[in-house]
Protein chains: 2
Amino acid sequence: MFNKETEYALRGLVYIKLQNLKNRRPGTTEIAKEIEAPQFYTAKILQRLVRAGFLRSLKGKGGGFFFDPDKPDLQLIKLISATEGDKSYSSCGFGLKHCDNDKPCPLHEKYAVIRDSINKLISDETVQSLAEKVYKKELNLR
Amino acid sequence: MFNKETEYALRGLVYIKLQNLKNRRPGTTEIAKEIEAPQFYTAKILQRLVRAGFLRSLKGKGGGFFFDPDKPDLQLIKLISATEGDKSYSSCGFGLKHCDNDKPCPLHEKYAVIRDSINKLISDETVQSLAEKVYKKELNLR
DNA sequence: TTATTAAAGGACAATATGGTCTTTTTGTAT
DNA sequence: ATACAAAAAGACCATATTGTCCTTTAATAA
């Protein structure tokens with residue numbers, strides 16, 4: 001489905017939000033361990049996400065990562081666009097540059113339906129909505 | 001959706017089958033041109049597919065690629081398993097090693113539905129069924 | 001103001017993917 | 001038998017992805 005960077009970003013952000021709900025600001029070591037991802041790679045990815053403005057961080061003692069409570073929820077599609085690029089779930093399943101209802105590839109009719117449902121999923125769900133589910137249903141992140 | 005190798009394999013095979021329907025056996029140069037793929041890379045991919053037993057080839061004058069008429073149709077899922085590995089559309093969208101109805105990730109409920117429909121699509125459709133669509137509806141492969 | 005803590009930054013390495021080119025082998029037609 | 005055509009094989013290169021580690025910067029607590 002997603003590439004590694006997106007996976008780690010997604011799991012990491014959900015973990016951060018989950019801890020934020022408990023008034024904690026986790027750091028890279030803890031996050032990486034809890035989501036079972038490579039520590040330094042996770043740190044680098046989180047760095048990028050901070051630079052992209054998706055979340056905030058604090059250095060030094062008591063520092064760590066946290067979401068700005070004033071910001072709107074982060075749709076998965078925004079995250080995925082940042083890590084994998086825009087065209088991930090907008091392009092042709094057959095690999096054609098131009099493929100639409102008028103000039104479809106042989107997969108178009110059936111694949112378009114699936115692509116739409118993927119886009120609905122990643123537009124509807126947010127990092128926060130997933131964290132809520134984990135919190136309420138005590139789901140696991142690893 | 002798919003990686004480049006799978007895309008070229010898929011388009012290439014459909015083109016070959018389409019030509020076979022017209023009693024032709026296309027070669028690598030023609031195939032690569034018609035599906036707009038890199039020539040030598042396409043040749044290498046077709047080589048692998050022949051070795052994997054998905055289609056046959058003939059060297060020398062009048063040679064080229066063709067499907068064994070006695071073989072059953074090639075499901076896309078078989079092709080994709082060969083080019084991308086088994087777990088492409090069987091694993092967790094969140095990246096968890098263990099994720100099922102009992103111990104789900106926060107995406108599971110919605111993603112499982114999508115994953116099932118992808119698996120249905122690539123099990124139902126075959127290289128031959130796609131070639132038929134292209135033939136009957138005069139669709140394009142590039 | 002100093003020590004400590006933790007993120008930021010950046011260099012570097014390993015692996016996978018995507019792609020090119022040349023040589024060898026094999027089949028066909030003449 | 002020979003020339004030719006086309007796939008097979010394999011060496012090689014480019015780029016992207018994934019991952020590690022070391023140094024620097026900034027914040028906090030003592």
# chains A, B, ... in the order shown; residues from 1 in each chain; ligands from 1
>>> interface_residues(of="chain D", to="chain A", cutoff="8 Å", atoms="only C-alpha atoms (C1' of nucleotides)", output="list in words")
DT18, DG19, DT20, DA26, DA27, DT28 and DA29 of chain D
>>> calpha_fit_and_write(fixed="chain A", moving="chain B", output="compact mmCIF listing (two decimals) with N, CA and C atoms, in the first residue's frame")
# COMPACT_ATOMS: atom_id res chain seq x y z
N MET B 1 0.83 -1.30 0.05
CA MET B 1 0.00 -0.08 0.02
C MET B 1 0.87 1.17 0.02
N PHE B 2 1.41 1.52 1.20
CA PHE B 2 2.26 2.71 1.28
C PHE B 2 3.73 2.31 1.33
N ASN B 3 4.62 3.23 1.04
CA ASN B 3 6.04 2.93 1.19
C ASN B 3 6.45 3.07 2.66
N LYS B 4 7.68 2.68 2.94
CA LYS B 4 8.13 2.65 4.34
C LYS B 4 8.06 4.02 4.99
N GLU B 5 8.50 5.03 4.26
CA GLU B 5 8.50 6.37 4.84
C GLU B 5 7.09 6.77 5.29
N THR B 6 6.13 6.53 4.43
CA THR B 6 4.74 6.86 4.76
C THR B 6 4.25 6.04 5.96
N GLU B 7 4.59 4.77 5.97
CA GLU B 7 4.18 3.90 7.08
C GLU B 7 4.73 4.42 8.41
N TYR B 8 6.04 4.71 8.42
CA TYR B 8 6.64 5.18 9.67
C TYR B 8 6.06 6.53 10.07
N ALA B 9 5.86 7.40 9.09
CA ALA B 9 5.29 8.71 9.36
C ALA B 9 3.90 8.55 9.97
N LEU B 10 3.10 7.72 9.36
CA LEU B 10 1.72 7.50 9.79
C LEU B 10 1.67 6.92 11.20
N ARG B 11 2.40 5.84 11.42
CA ARG B 11 2.39 5.22 12.75
C ARG B 11 2.97 6.18 13.78
N GLY B 12 4.06 6.86 13.40
CA GLY B 12 4.70 7.81 14.32
C GLY B 12 3.75 8.92 14.73
N LEU B 13 3.08 9.50 13.76
CA LEU B 13 2.18 10.63 14.06
C LEU B 13 1.01 10.18 14.92
N VAL B 14 0.48 9.00 14.61
CA VAL B 14 -0.64 8.50 15.42
C VAL B 14 -0.17 8.27 16.86
N TYR B 15 1.04 7.74 17.00
CA TYR B 15 1.57 7.53 18.35
C TYR B 15 1.75 8.85 19.09
N ILE B 16 2.29 9.83 18.39
CA ILE B 16 2.48 11.15 19.00
C ILE B 16 1.15 11.72 19.47
N LYS B 17 0.16 11.67 18.58
CA LYS B 17 -1.16 12.21 18.93
C LYS B 17 -1.76 11.45 20.12
N LEU B 18 -1.59 10.16 20.10
CA LEU B 18 -2.08 9.34 21.21
C LEU B 18 -1.46 9.77 22.53
N GLN B 19 -0.17 10.02 22.54
CA GLN B 19 0.51 10.47 23.75
C GLN B 19 0.08 11.89 24.12
N ASN B 20 -0.09 12.73 23.12
CA ASN B 20 -0.57 14.10 23.37
C ASN B 20 -1.90 14.07 24.12
N LEU B 21 -2.76 13.08 23.76
CA LEU B 21 -4.05 12.94 24.43
C LEU B 21 -3.86 12.68 25.92
N LYS B 22 -2.69 12.08 26.25
CA LYS B 22 -2.37 11.78 27.65
C LYS B 22 -1.44 12.85 28.23
N ASN B 23 -1.39 14.01 27.55
CA ASN B 23 -0.55 15.12 27.99
C ASN B 23 0.93 14.80 28.05
N ARG B 24 1.38 13.99 27.09
CA ARG B 24 2.80 13.69 27.00
C ARG B 24 3.33 14.14 25.63
N ARG B 25 4.67 14.40 25.59
CA ARG B 25 5.33 14.76 24.33
C ARG B 25 6.46 13.79 24.09
N PRO B 26 6.22 12.73 23.35
CA PRO B 26 7.25 11.70 23.20
C PRO B 26 8.41 12.17 22.34
N GLY B 27 9.57 11.55 22.54
CA GLY B 27 10.77 11.85 21.75
C GLY B 27 11.04 10.74 20.75
N THR B 28 12.06 10.94 19.93
CA THR B 28 12.33 10.02 18.82
C THR B 28 12.62 8.59 19.29
N THR B 29 13.39 8.45 20.36
CA THR B 29 13.75 7.10 20.82
C THR B 29 12.50 6.32 21.21
N GLU B 30 11.67 6.96 22.01
CA GLU B 30 10.43 6.31 22.44
C GLU B 30 9.52 6.00 21.26
N ILE B 31 9.34 6.96 20.39
CA ILE B 31 8.44 6.78 19.25
C ILE B 31 8.88 5.60 18.40
N ALA B 32 10.15 5.61 18.01
CA ALA B 32 10.68 4.56 17.14
C ALA B 32 10.48 3.19 17.78
N LYS B 33 10.74 3.12 19.08
CA LYS B 33 10.58 1.83 19.77
C LYS B 33 9.13 1.38 19.75
N GLU B 34 8.24 2.28 20.05
CA GLU B 34 6.81 1.93 20.17
C GLU B 34 6.16 1.56 18.84
N ILE B 35 6.65 2.10 17.75
CA ILE B 35 6.05 1.77 16.46
C ILE B 35 6.90 0.75 15.70
N GLU B 36 7.94 0.29 16.34
CA GLU B 36 8.86 -0.70 15.72
C GLU B 36 9.39 -0.21 14.38
N ALA B 37 10.06 0.92 14.44
CA ALA B 37 10.67 1.49 13.25
C ALA B 37 12.12 1.85 13.56
N PRO B 38 12.96 1.95 12.54
CA PRO B 38 14.38 2.29 12.77
C PRO B 38 14.51 3.68 13.39
N GLN B 39 15.24 3.77 14.49
CA GLN B 39 15.28 4.99 15.28
C GLN B 39 15.69 6.25 14.50
N PHE B 40 16.87 6.19 13.87
CA PHE B 40 17.38 7.41 13.24
C PHE B 40 16.58 7.79 11.99
N TYR B 41 16.10 6.76 11.33
CA TYR B 41 15.29 7.01 10.13
C TYR B 41 13.98 7.68 10.54
N THR B 42 13.40 7.18 11.61
CA THR B 42 12.17 7.78 12.14
C THR B 42 12.42 9.23 12.53
N ALA B 43 13.57 9.47 13.16
CA ALA B 43 13.91 10.84 13.57
C ALA B 43 13.97 11.75 12.35
N LYS B 44 14.61 11.25 11.30
CA LYS B 44 14.73 12.06 10.09
C LYS B 44 13.37 12.35 9.47
N ILE B 45 12.52 11.36 9.45
CA ILE B 45 11.19 11.53 8.86
C ILE B 45 10.38 12.55 9.67
N LEU B 46 10.46 12.45 10.99
CA LEU B 46 9.72 13.40 11.84
C LEU B 46 10.23 14.83 11.62
N GLN B 47 11.56 14.93 11.48
CA GLN B 47 12.17 16.22 11.17
C GLN B 47 11.52 16.85 9.95
N ARG B 48 11.41 16.05 8.88
CA ARG B 48 10.80 16.54 7.64
C ARG B 48 9.36 16.97 7.86
N LEU B 49 8.64 16.20 8.68
CA LEU B 49 7.23 16.50 8.91
C LEU B 49 7.07 17.80 9.68
N VAL B 50 8.03 18.04 10.59
CA VAL B 50 8.00 19.31 11.32
C VAL B 50 8.26 20.46 10.35
N ARG B 51 9.29 20.27 9.50
CA ARG B 51 9.60 21.31 8.51
C ARG B 51 8.41 21.57 7.59
N ALA B 52 7.67 20.50 7.29
CA ALA B 52 6.51 20.63 6.40
C ALA B 52 5.32 21.29 7.12
N GLY B 53 5.46 21.47 8.44
CA GLY B 53 4.43 22.15 9.19
C GLY B 53 3.31 21.25 9.71
N PHE B 54 3.52 19.93 9.65
CA PHE B 54 2.47 19.01 10.09
C PHE B 54 2.39 18.89 11.61
N LEU B 55 3.52 19.07 12.26
CA LEU B 55 3.50 19.02 13.73
C LEU B 55 4.62 19.88 14.25
N ARG B 56 4.69 20.00 15.57
CA ARG B 56 5.71 20.85 16.16
C ARG B 56 6.63 20.04 17.06
N SER B 57 7.75 20.65 17.42
CA SER B 57 8.69 19.95 18.28
C SER B 57 9.34 20.94 19.23
N LEU B 58 9.86 20.42 20.31
CA LEU B 58 10.58 21.24 21.28
C LEU B 58 11.88 20.54 21.62
N LYS B 59 12.98 21.29 21.60
CA LYS B 59 14.29 20.73 21.97
C LYS B 59 14.46 20.75 23.48
N GLY B 60 15.51 20.10 23.93
CA GLY B 60 15.91 20.17 25.33
C GLY B 60 15.04 19.36 26.28
N LYS B 61 15.36 19.47 27.54
CA LYS B 61 14.67 18.70 28.59
C LYS B 61 13.16 18.86 28.49
N GLY B 62 12.47 17.73 28.58
CA GLY B 62 11.01 17.78 28.49
C GLY B 62 10.51 18.02 27.08
N GLY B 63 11.47 18.02 26.13
CA GLY B 63 11.09 18.27 24.73
C GLY B 63 10.49 17.05 24.09
N GLY B 64 10.15 17.20 22.81
CA GLY B 64 9.54 16.09 22.08
C GLY B 64 8.63 16.62 21.00
N PHE B 65 7.76 15.74 20.50
CA PHE B 65 6.88 16.13 19.40
C PHE B 65 5.43 16.27 19.85
N PHE B 66 4.76 17.22 19.22
CA PHE B 66 3.35 17.42 19.59
C PHE B 66 2.61 18.15 18.48
N PHE B 67 1.30 18.00 18.49
CA PHE B 67 0.46 18.67 17.52
C PHE B 67 -0.04 20.00 18.07
N ASP B 68 -0.08 20.97 17.19
CA ASP B 68 -0.65 22.26 17.54
C ASP B 68 -2.15 22.08 17.70
N PRO B 69 -2.68 22.36 18.90
CA PRO B 69 -4.12 22.13 19.13
C PRO B 69 -5.01 23.04 18.29
N ASP B 70 -4.42 24.16 17.81
CA ASP B 70 -5.21 25.10 17.01
C ASP B 70 -5.35 24.67 15.56
N LYS B 71 -4.48 23.74 15.15
CA LYS B 71 -4.51 23.33 13.74
C LYS B 71 -5.61 22.32 13.49
N PRO B 72 -6.16 22.33 12.26
CA PRO B 72 -7.17 21.33 11.93
C PRO B 72 -6.54 19.95 11.84
N ASP B 73 -7.37 18.92 11.93
CA ASP B 73 -6.88 17.55 11.85
C ASP B 73 -6.14 17.30 10.53
N LEU B 74 -5.15 16.42 10.59
CA LEU B 74 -4.32 16.14 9.42
C LEU B 74 -4.85 14.96 8.62
N GLN B 75 -5.46 15.26 7.48
CA GLN B 75 -5.96 14.19 6.60
C GLN B 75 -4.81 13.33 6.10
N LEU B 76 -5.04 12.03 6.04
CA LEU B 76 -4.00 11.12 5.54
C LEU B 76 -3.55 11.51 4.14
N ILE B 77 -4.48 12.00 3.34
CA ILE B 77 -4.13 12.34 1.96
C ILE B 77 -3.10 13.47 1.90
N LYS B 78 -3.14 14.37 2.89
CA LYS B 78 -2.15 15.45 2.95
C LYS B 78 -0.78 14.87 3.28
N LEU B 79 -0.78 13.97 4.22
CA LEU B 79 0.46 13.33 4.63
C LEU B 79 1.07 12.54 3.48
N ILE B 80 0.24 11.74 2.82
CA ILE B 80 0.71 10.89 1.73
C ILE B 80 1.22 11.72 0.55
N SER B 81 0.52 12.83 0.27
CA SER B 81 1.00 13.72 -0.78
C SER B 81 2.40 14.22 -0.48
N ALA B 82 2.64 14.50 0.80
CA ALA B 82 3.95 15.03 1.20
C ALA B 82 5.03 13.96 1.10
N THR B 83 4.70 12.71 1.45
CA THR B 83 5.74 11.68 1.47
C THR B 83 5.89 10.94 0.13
N GLU B 84 4.79 10.81 -0.61
CA GLU B 84 4.86 10.02 -1.83
C GLU B 84 4.54 10.81 -3.11
N GLY B 85 4.10 12.01 -2.94
CA GLY B 85 3.75 12.81 -4.11
C GLY B 85 2.27 12.75 -4.41
N ASP B 86 1.83 13.74 -5.15
CA ASP B 86 0.41 13.92 -5.42
C ASP B 86 -0.25 12.77 -6.16
N LYS B 87 0.46 12.26 -7.16
CA LYS B 87 -0.22 11.39 -8.12
C LYS B 87 -0.40 9.94 -7.67
N SER B 88 -0.04 9.64 -6.42
CA SER B 88 -0.14 8.28 -5.93
C SER B 88 -1.49 7.63 -6.22
N TYR B 89 -2.55 8.31 -5.85
CA TYR B 89 -3.86 7.72 -6.02
C TYR B 89 -4.75 8.50 -6.97
N SER B 90 -4.08 9.08 -7.97
CA SER B 90 -4.85 9.79 -8.98
C SER B 90 -4.51 9.27 -10.38
N SER B 91 -3.47 8.43 -10.46
CA SER B 91 -3.02 8.01 -11.79
C SER B 91 -3.64 6.68 -12.22
N CYS B 92 -3.38 6.35 -13.48
CA CYS B 92 -3.94 5.16 -14.12
C CYS B 92 -3.31 3.88 -13.59
N GLY B 93 -4.12 2.88 -13.31
CA GLY B 93 -3.63 1.61 -12.80
C GLY B 93 -2.80 0.85 -13.82
N PHE B 94 -3.02 1.16 -15.06
CA PHE B 94 -2.34 0.50 -16.16
C PHE B 94 -1.05 1.22 -16.54
N GLY B 95 -0.89 2.43 -15.97
CA GLY B 95 0.32 3.20 -16.23
C GLY B 95 0.24 4.16 -17.40
N LEU B 96 -0.96 4.38 -17.91
CA LEU B 96 -1.09 5.30 -19.04
C LEU B 96 -1.04 6.75 -18.58
N LYS B 97 -0.42 7.58 -19.40
CA LYS B 97 -0.34 9.01 -19.05
C LYS B 97 -1.74 9.64 -19.11
N HIS B 98 -2.48 9.24 -20.13
CA HIS B 98 -3.84 9.79 -20.26
C HIS B 98 -4.84 8.64 -20.24
N CYS B 99 -5.67 8.65 -19.24
CA CYS B 99 -6.66 7.58 -19.10
C CYS B 99 -7.86 8.15 -18.37
N ASP B 100 -9.00 8.18 -19.03
CA ASP B 100 -10.22 8.66 -18.39
C ASP B 100 -11.41 7.96 -19.02
N ASN B 101 -12.60 8.38 -18.62
CA ASN B 101 -13.80 7.72 -19.13
C ASN B 101 -13.89 7.75 -20.66
N ASP B 102 -13.38 8.82 -21.25
CA ASP B 102 -13.44 8.94 -22.70
C ASP B 102 -12.44 8.03 -23.41
N LYS B 103 -11.20 8.02 -22.86
CA LYS B 103 -10.15 7.20 -23.46
C LYS B 103 -9.58 6.32 -22.35
N PRO B 104 -10.32 5.26 -22.01
CA PRO B 104 -9.92 4.46 -20.84
C PRO B 104 -8.91 3.37 -21.19
N CYS B 105 -8.14 2.94 -20.20
CA CYS B 105 -7.33 1.74 -20.35
C CYS B 105 -8.25 0.56 -20.03
N PRO B 106 -7.84 -0.66 -20.34
CA PRO B 106 -8.76 -1.79 -20.12
C PRO B 106 -9.06 -2.09 -18.65
N LEU B 107 -8.31 -1.46 -17.74
CA LEU B 107 -8.58 -1.66 -16.31
C LEU B 107 -9.46 -0.55 -15.73
N HIS B 108 -9.58 0.51 -16.50
CA HIS B 108 -10.17 1.74 -15.96
C HIS B 108 -11.52 1.56 -15.25
N GLU B 109 -12.44 0.92 -15.94
CA GLU B 109 -13.80 0.82 -15.43
C GLU B 109 -13.83 0.28 -14.00
N LYS B 110 -13.09 -0.81 -13.78
CA LYS B 110 -13.10 -1.42 -12.45
C LYS B 110 -12.14 -0.74 -11.48
N TYR B 111 -11.01 -0.28 -12.00
CA TYR B 111 -10.02 0.30 -11.10
C TYR B 111 -10.46 1.67 -10.57
N ALA B 112 -11.16 2.43 -11.41
CA ALA B 112 -11.58 3.78 -10.99
C ALA B 112 -12.41 3.72 -9.72
N VAL B 113 -13.24 2.68 -9.61
CA VAL B 113 -14.07 2.52 -8.41
C VAL B 113 -13.20 2.33 -7.17
N ILE B 114 -12.20 1.48 -7.31
CA ILE B 114 -11.29 1.21 -6.19
C ILE B 114 -10.51 2.46 -5.81
N ARG B 115 -9.99 3.12 -6.84
CA ARG B 115 -9.20 4.33 -6.60
C ARG B 115 -10.04 5.37 -5.86
N ASP B 116 -11.30 5.50 -6.25
CA ASP B 116 -12.18 6.44 -5.57
C ASP B 116 -12.35 6.08 -4.10
N SER B 117 -12.48 4.79 -3.83
CA SER B 117 -12.70 4.41 -2.43
C SER B 117 -11.43 4.60 -1.60
N ILE B 118 -10.28 4.43 -2.24
CA ILE B 118 -9.03 4.72 -1.53
C ILE B 118 -8.97 6.21 -1.22
N ASN B 119 -9.28 7.02 -2.20
CA ASN B 119 -9.26 8.47 -1.98
C ASN B 119 -10.25 8.91 -0.92
N LYS B 120 -11.40 8.23 -0.88
CA LYS B 120 -12.38 8.57 0.16
C LYS B 120 -11.80 8.22 1.53
N LEU B 121 -11.21 7.02 1.62
CA LEU B 121 -10.63 6.60 2.89
C LEU B 121 -9.58 7.58 3.39
N ILE B 122 -8.63 7.94 2.54
CA ILE B 122 -7.54 8.80 3.00
C ILE B 122 -7.94 10.28 3.09
N SER B 123 -9.13 10.60 2.60
CA SER B 123 -9.63 11.96 2.82
C SER B 123 -10.45 12.02 4.10
N ASP B 124 -11.20 10.96 4.35
CA ASP B 124 -12.04 10.92 5.55
C ASP B 124 -11.22 10.78 6.83
N GLU B 125 -10.23 9.90 6.77
CA GLU B 125 -9.47 9.62 7.99
C GLU B 125 -8.35 10.63 8.19
N THR B 126 -8.09 10.91 9.45
CA THR B 126 -7.01 11.83 9.81
C THR B 126 -6.13 11.16 10.86
N VAL B 127 -4.96 11.72 11.06
CA VAL B 127 -4.09 11.21 12.12
C VAL B 127 -4.84 11.20 13.44
N GLN B 128 -5.62 12.27 13.67
CA GLN B 128 -6.34 12.38 14.93
C GLN B 128 -7.47 11.37 15.04
N SER B 129 -8.17 11.12 13.94
CA SER B 129 -9.27 10.15 14.00
C SER B 129 -8.73 8.74 14.27
N LEU B 130 -7.56 8.45 13.70
CA LEU B 130 -6.95 7.14 13.95
C LEU B 130 -6.48 7.03 15.40
N ALA B 131 -5.88 8.11 15.90
CA ALA B 131 -5.42 8.10 17.29
C ALA B 131 -6.59 7.89 18.24
N GLU B 132 -7.73 8.50 17.92
CA GLU B 132 -8.93 8.33 18.74
C GLU B 132 -9.35 6.86 18.78
N LYS B 133 -9.31 6.22 17.61
CA LYS B 133 -9.69 4.80 17.56
C LYS B 133 -8.76 3.96 18.40
N VAL B 134 -7.47 4.25 18.29
CA VAL B 134 -6.49 3.49 19.07
C VAL B 134 -6.76 3.69 20.56
N TYR B 135 -7.06 4.92 20.93
CA TYR B 135 -7.29 5.28 22.32
C TYR B 135 -8.53 4.57 22.87
N LYS B 136 -9.63 4.72 22.14
CA LYS B 136 -10.91 4.18 22.62
C LYS B 136 -10.96 2.66 22.61
N LYS B 137 -10.41 2.08 21.54
CA LYS B 137 -10.52 0.63 21.40
C LYS B 137 -9.26 -0.10 21.84
N GLU B 138 -8.33 0.66 22.38
CA GLU B 138 -7.06 0.08 22.83
C GLU B 138 -6.41 -0.79 21.76
N LEU B 139 -6.30 -0.23 20.58
CA LEU B 139 -5.65 -0.95 19.48
C LEU B 139 -4.14 -0.85 19.60
N ASN B 140 -3.45 -1.62 18.79
CA ASN B 140 -1.98 -1.59 18.88
C ASN B 140 -1.38 -0.91 17.66
N LEU B 141 -0.16 -0.40 17.86
CA LEU B 141 0.55 0.29 16.78
C LEU B 141 1.77 -0.49 16.33
N ARG B 142 1.83 -1.76 16.73
CA ARG B 142 2.98 -2.55 16.28
C ARG B 142 2.68 -4.04 16.21
>>> atom_distance(atom1="atom C1' of DT1 of chain C", atom2="atom C1' of DC22 of chain D")
26.8 Å
>>> interface_residues(of="chain C", to="chain B", cutoff="7 Å", atoms="only C-alpha atoms (C1' of nucleotides)", output="ChimeraX atom specification")
/C:19-20,26-28
>>> residues_around(residues="DT23 of chain D", least_positions_apart="6", cutoff="12 Å", atoms="only C-alpha atoms (C1' of nucleotides)", output="PyMOL selection string")
chain C and resi 8-11
>>> select_by_dssp(residues="segment 29-116 of chain A", states="helix (DSSP H, G or I)", output="ChimeraX atom specification")
/A:29-35,39-51,76-84,86-89,108-116
>>> write_last_selection(atoms="C-alpha atoms", output="mmCIF file, in the first residue's frame")
data_model
loop_
_atom_site.group_PDB
_atom_site.id
_atom_site.type_symbol
_atom_site.label_atom_id
_atom_site.label_comp_id
_atom_site.auth_asym_id
_atom_site.auth_seq_id
_atom_site.Cartn_x
_atom_site.Cartn_y
_atom_site.Cartn_z
ATOM 1 C CA THR A 29 13.741 7.087 20.834
ATOM 2 C CA GLU A 30 10.425 6.280 22.442
ATOM 3 C CA ILE A 31 8.433 6.770 19.254
ATOM 4 C CA ALA A 32 10.672 4.546 17.148
ATOM 5 C CA LYS A 33 10.582 1.815 19.756
ATOM 6 C CA GLU A 34 6.814 1.932 20.155
ATOM 7 C CA ILE A 35 6.041 1.771 16.459
ATOM 8 C CA GLN A 39 15.266 5.010 15.276
ATOM 9 C CA PHE A 40 17.357 7.437 13.240
ATOM 10 C CA TYR A 41 15.277 7.037 10.125
ATOM 11 C CA THR A 42 12.159 7.789 12.131
ATOM 12 C CA ALA A 43 13.884 10.855 13.570
ATOM 13 C CA LYS A 44 14.725 12.095 10.100
ATOM 14 C CA ILE A 45 11.181 11.559 8.871
ATOM 15 C CA LEU A 46 9.705 13.421 11.853
ATOM 16 C CA GLN A 47 12.153 16.244 11.182
ATOM 17 C CA ARG A 48 10.769 16.584 7.678
ATOM 18 C CA LEU A 49 7.212 16.524 8.945
ATOM 19 C CA VAL A 50 7.983 19.339 11.377
ATOM 20 C CA ARG A 51 9.579 21.343 8.565
ATOM 21 C CA LEU A 76 -4.013 11.156 5.555
ATOM 22 C CA ILE A 77 -4.139 12.391 1.969
ATOM 23 C CA LYS A 78 -2.165 15.495 2.968
ATOM 24 C CA LEU A 79 0.454 13.361 4.646
ATOM 25 C CA ILE A 80 0.704 10.937 1.740
ATOM 26 C CA SER A 81 0.997 13.775 -0.760
ATOM 27 C CA ALA A 82 3.946 15.073 1.228
ATOM 28 C CA THR A 83 5.732 11.746 1.485
ATOM 29 C CA GLU A 84 4.866 10.086 -1.819
ATOM 30 C CA ASP A 86 0.392 13.971 -5.425
ATOM 31 C CA LYS A 87 -0.215 11.432 -8.134
ATOM 32 C CA SER A 88 -0.127 8.315 -5.937
ATOM 33 C CA TYR A 89 -3.849 7.724 -6.045
ATOM 34 C CA HIS A 108 -10.174 1.685 -15.994
ATOM 35 C CA GLU A 109 -13.799 0.781 -15.436
ATOM 36 C CA LYS A 110 -13.103 -1.447 -12.453
ATOM 37 C CA TYR A 111 -10.033 0.286 -11.098
ATOM 38 C CA ALA A 112 -11.583 3.757 -11.019
ATOM 39 C CA VAL A 113 -14.071 2.526 -8.428
ATOM 40 C CA ILE A 114 -11.291 1.226 -6.200
ATOM 41 C CA ARG A 115 -9.196 4.349 -6.616
ATOM 42 C CA ASP A 116 -12.174 6.465 -5.596
#
